[in-house]
$ cat query-v1.cif   # mmCIF, C-alpha atoms
data_my_file
loop_
_atom_site.label_atom_id
_atom_site.label_comp_id
_atom_site.auth_asym_id
_atom_site.auth_seq_id
_atom_site.Cartn_x
_atom_site.Cartn_y
_atom_site.Cartn_z
CA ALA A 1 6.44 -26.55 -11.43
CA ALA A 2 9.61 -27.14 -13.47
CA GLU A 3 11.51 -24.53 -11.44
CA LEU A 4 10.44 -26.26 -8.21
CA SER A 5 11.00 -29.83 -9.38
CA GLY A 6 13.65 -30.55 -6.72
CA GLN A 7 11.42 -29.31 -3.92
CA LYS A 8 8.93 -31.89 -2.72
CA ARG A 9 7.63 -31.11 0.80
CA LEU A 10 5.04 -28.33 0.69
CA LEU A 11 3.19 -26.54 3.48
CA LEU A 12 0.03 -24.75 2.39
CA ILE A 13 -1.29 -22.19 4.90
CA GLY A 14 -4.92 -21.11 4.50
CA CYS A 15 -5.96 -24.16 2.48
CA GLY A 16 -9.73 -23.72 2.71
CA ALA A 17 -11.48 -26.72 1.16
CA GLY A 18 -8.24 -27.89 -0.49
CA ARG A 19 -8.34 -26.52 -4.04
CA GLU A 20 -4.64 -25.56 -4.13
CA ALA A 21 -3.59 -28.51 -1.93
CA PHE A 22 -4.99 -31.04 -4.39
CA ALA A 23 -3.47 -29.17 -7.33
CA PHE A 24 0.00 -29.20 -5.71
CA GLU A 25 -0.40 -32.90 -4.94
CA LYS A 26 -1.10 -33.57 -8.62
CA LEU A 27 2.16 -31.76 -9.43
CA GLY A 28 4.02 -34.29 -7.28
CA PHE A 29 4.35 -32.47 -3.96
CA GLU A 30 3.96 -34.09 -0.55
CA VAL A 31 1.40 -31.63 0.87
CA THR A 32 0.65 -30.62 4.44
CA ALA A 33 -2.22 -28.12 4.54
CA THR A 34 -3.64 -26.00 7.36
CA ASP A 35 -6.66 -23.78 7.87
CA ILE A 36 -8.20 -22.09 10.91
CA ALA A 37 -11.78 -22.88 9.84
CA ALA A 38 -12.96 -26.32 10.97
CA ALA A 39 -15.70 -26.41 8.32
CA MET A 40 -13.12 -25.88 5.56
CA VAL A 41 -10.78 -28.57 6.89
CA ASP A 42 -13.72 -30.98 7.21
CA ALA A 43 -14.71 -30.26 3.59
CA ALA A 44 -11.12 -30.81 2.41
CA LEU A 45 -10.93 -34.10 4.33
CA ARG A 46 -14.18 -35.29 2.72
CA VAL A 47 -12.93 -34.44 -0.77
CA GLY A 48 -9.57 -36.04 -0.01
CA ALA A 49 -11.21 -39.25 1.20
CA ARG A 50 -13.45 -39.36 -1.86
CA THR A 51 -10.54 -38.84 -4.29
CA GLY A 52 -7.92 -40.96 -2.52
CA SER A 53 -5.71 -37.96 -1.81
CA SER A 54 -2.75 -38.25 0.56
CA VAL A 55 -2.76 -34.54 1.51
CA GLN A 56 -2.42 -34.11 5.29
CA PHE A 57 -5.01 -31.54 6.43
CA HIS A 58 -4.75 -29.92 9.87
CA LEU A 59 -6.89 -27.45 11.79
CA GLY A 60 -4.89 -24.41 12.89
CA THR A 61 -2.42 -21.93 11.47
CA TRP A 62 0.62 -24.21 11.75
CA PRO A 63 1.11 -27.95 11.33
CA PRO A 64 1.16 -29.97 14.58
CA ASP A 65 4.90 -30.76 14.30
CA ASP A 66 6.59 -27.44 14.95
CA LEU A 67 9.96 -28.96 13.99
CA ALA A 68 8.82 -29.96 10.50
CA ARG A 69 10.57 -28.12 7.69
CA PHE A 70 9.28 -27.70 4.17
CA ASP A 71 10.89 -27.13 0.78
CA LEU A 72 8.06 -24.83 -0.24
CA VAL A 73 5.60 -22.86 1.88
CA TYR A 74 2.64 -21.45 -0.01
CA VAL A 75 0.45 -18.89 1.74
CA THR A 76 -2.87 -18.22 0.06
CA ALA A 77 -4.02 -14.67 -0.65
CA ASN A 78 -6.95 -15.15 1.68
CA MET A 79 -4.63 -16.03 4.55
CA VAL A 80 -2.32 -13.07 3.94
CA ASN A 81 -5.27 -10.70 3.88
CA HIS A 82 -6.68 -11.99 7.17
CA VAL A 83 -3.59 -10.81 9.08
CA PRO A 84 -4.38 -7.18 9.99
CA GLY A 85 -1.62 -4.63 10.32
CA ALA A 86 1.91 -4.49 8.96
CA GLU A 87 3.54 -5.50 12.27
CA ASN A 88 1.34 -8.61 12.51
CA ARG A 89 2.09 -9.56 8.89
CA ILE A 90 5.84 -9.27 9.53
CA ALA A 91 5.52 -11.53 12.60
CA PHE A 92 3.38 -13.99 10.61
CA PHE A 93 5.90 -14.22 7.75
CA SER A 94 8.76 -14.62 10.25
CA GLU A 95 6.94 -17.67 11.63
CA VAL A 96 6.33 -18.92 8.09
CA CYS A 97 10.05 -18.68 7.30
CA ARG A 98 10.93 -20.72 10.41
CA ARG A 99 9.22 -23.65 8.71
CA LEU A 100 11.37 -23.48 5.56
CA SER A 101 14.14 -26.00 5.02
CA ASP A 102 17.58 -24.75 3.97
CA GLY A 103 17.18 -23.45 0.43
CA GLY A 104 13.39 -23.55 0.79
CA CYS A 105 11.06 -21.19 -1.04
CA LEU A 106 8.20 -19.03 0.23
CA CYS A 107 5.38 -18.24 -2.19
CA PHE A 108 2.34 -16.15 -1.52
CA SER A 109 -0.24 -14.51 -3.71
CA PRO A 110 -1.41 -11.19 -2.32
CA ASP A 111 -4.31 -9.34 -3.83
CA VAL A 112 -2.92 -6.19 -5.39
CA PHE A 113 -5.33 -3.74 -6.97
CA SER A 114 -4.81 -0.18 -8.04
CA LEU A 115 -6.54 2.31 -5.80
CA THR A 116 -6.83 4.76 -8.69
CA GLU A 117 -9.53 2.84 -10.52
CA PRO A 118 -13.16 3.18 -9.40
CA THR A 119 -13.49 -0.51 -8.56
CA ARG A 120 -15.20 -2.20 -5.65
CA PHE A 121 -11.73 -3.02 -4.34
CA ALA A 122 -10.59 0.59 -4.44
CA LEU A 123 -13.82 1.86 -2.93
CA GLY A 124 -13.62 -0.83 -0.27
CA SER A 125 -10.13 0.31 0.70
CA TRP A 126 -11.44 3.84 1.13
CA VAL A 127 -14.19 2.50 3.39
CA LEU A 128 -11.50 0.84 5.53
CA ARG A 129 -9.53 4.09 5.68
CA ALA A 130 -12.67 6.03 6.65
CA ARG A 131 -13.35 3.53 9.46
CA SER A 132 -9.85 4.23 10.74
CA TRP A 133 -10.21 8.00 10.47
CA LEU A 134 -13.50 7.80 12.38
CA GLY A 135 -11.91 5.71 15.14
CA LEU A 136 -13.89 2.59 14.21
CA GLY A 137 -10.86 0.36 13.53
CA GLN A 138 -7.30 0.40 12.38
CA TRP A 139 -6.02 0.61 8.83
CA GLU A 140 -2.45 0.31 7.61
CA ARG A 141 -0.90 0.23 4.18
CA GLY A 142 -1.23 -3.35 2.98
CA ASP A 143 -4.64 -3.98 4.55
CA THR A 144 -7.05 -4.97 1.81
CA VAL A 145 -10.69 -5.56 1.19
CA ARG A 146 -12.56 -7.90 -1.15
CA SER A 147 -15.98 -6.38 -0.73
CA TYR A 148 -17.20 -3.33 1.13
CA LEU A 149 -20.79 -4.51 0.78
CA GLY A 150 -22.10 -7.59 2.48
CA ASP A 151 -21.05 -9.64 5.47
CA HIS A 152 -17.85 -9.14 7.40
CA SER A 153 -16.42 -10.59 10.58
CA LYS A 154 -17.52 -8.92 13.80
CA ALA A 155 -15.46 -11.27 15.99
CA ASP A 156 -12.62 -8.79 16.34
CA SER A 157 -13.16 -5.03 16.41
CA THR A 158 -9.65 -4.46 15.03
CA LEU A 159 -10.22 -6.61 11.94
CA VAL A 160 -10.19 -4.37 8.90
CA TYR A 161 -10.24 -7.05 6.22
CA TYR A 162 -13.71 -7.73 4.87
CA HIS A 163 -14.10 -11.08 3.14
CA TYR A 164 -17.48 -11.48 1.50
CA TYR A 165 -18.70 -14.88 0.33
CA GLN A 166 -21.75 -14.60 -1.90
CA SER A 167 -23.10 -17.97 -0.72
#
$ encode --input "query-v1.cif" --output "structure tokens"
Amino acid sequence: AAELSGQKRLLLIGCGAGREAFAFEKLGFEVTATDIAAAMVDAALRVGARTGSSVQFHLGTWPPDDLARFDLVYVTANMVNHVPGAENRIAFFSEVCRRLSDGGCLCFSPDVFSLTEPTRFALGSWVLRARSWLGLGQWERGDTVRSYLGDHSKADSTLVYYHYYQS
């Protein structure tokens, strides 16, 4: 936070129920937060109302004011991983950078795991590759997986990112 002390307006993309948004607010940032899941935004709004937070939560990928510029844009790991394919990720980050003010900073936290270790993450990545080889979906370097067992989205046949929530 000390390195970012001069930067006050923050856009958080992929805010979920607000965990990072509330933490950034406590650090002194003016936070605008977005998420594409209505249930998550509703949960964040409830928590914000209960705690007296001034975080502005919005449903959608981008804030409603397309002209707004931010000193810091933080993209959560979950959001990054839900953008399938390298070309789509480049387009996404180009749009993210349009929202930065002059001298602004982009931060994101990708999940990076070694594929050499016999972990669920490594095995899951091999499952995604096998799906691609069998013609069941695409896979590109950078696509990741959190769990190869359990639920995954069937809304889009090209989605190769599996996000498993134990609850």
$ resolve_selection --input "query-v1.cif" --expression "the PyMOL selection byres ((chain A and resi 36) around 12)" --output "number ranges by chain"
A: 13-17, 33-35, 37-42, 57-63, 78-79, 82
$ atom_distance --input "query-v1.cif" --atom1 "CA of Val83 in chain A" --atom2 "CA of Gly103 in chain A"
25.8 Å
$ resolve_selection --input "query-v1.cif" --expression "the PyMOL selection byres ((chain A and resi 106-108) around 7)" --output "list of chain:residue names"
A:Leu72, A:Val73, A:Tyr74, A:Val75, A:Thr76, A:Ala77, A:Gly104, A:Cys105, A:Ser109, A:Pro110
$ atom_distance --input "query-v1.cif" --atom1 "CA of Glu87 in chain A" --atom2 "CA of Glu20 in chain A"
27.2 Å
$ atom_distance --input "query-v1.cif" --atom1 "CA of Glu25 in chain A" --atom2 "CA of Asp102 in chain A"
21.7 Å
$ axis_aligned_box --input "query-v1.cif" --around "range 42-49 of chain A" --padding-each-side "3 Å" --output "JSON"
{"center_x": -12.1, "center_y": -34.8, "center_z": 3.2, "size_x": 11.1, "size_y": 15.0, "size_z": 14.0}
$ closest_residue --input "query-v1.cif" --among "A:Ile90, A:Leu134, A:Leu67, A:Leu10" --to "Gly28 in chain A" --atoms "only C-alpha atoms"
A:Leu10
$ closest_residue --input "query-v1.cif" --among "A:Val55, A:Ala86, A:Ala43, A:Leu100" --to "Phe24 in chain A" --atoms "only C-alpha atoms"
A:Val55
$ closest_residue --input "query-v1.cif" --among "A:Phe70, A:Val96, A:Arg19, A:Thr51" --to "Thr32 in chain A" --atoms "all atoms listed in the file"
A:Phe70
$ closest_residue --input "query-v1.cif" --among "A:Ala44, A:Ala68, A:Val31, A:Ala23" --to "Arg98 in chain A" --atoms "all atoms listed in the file"
A:Ala68
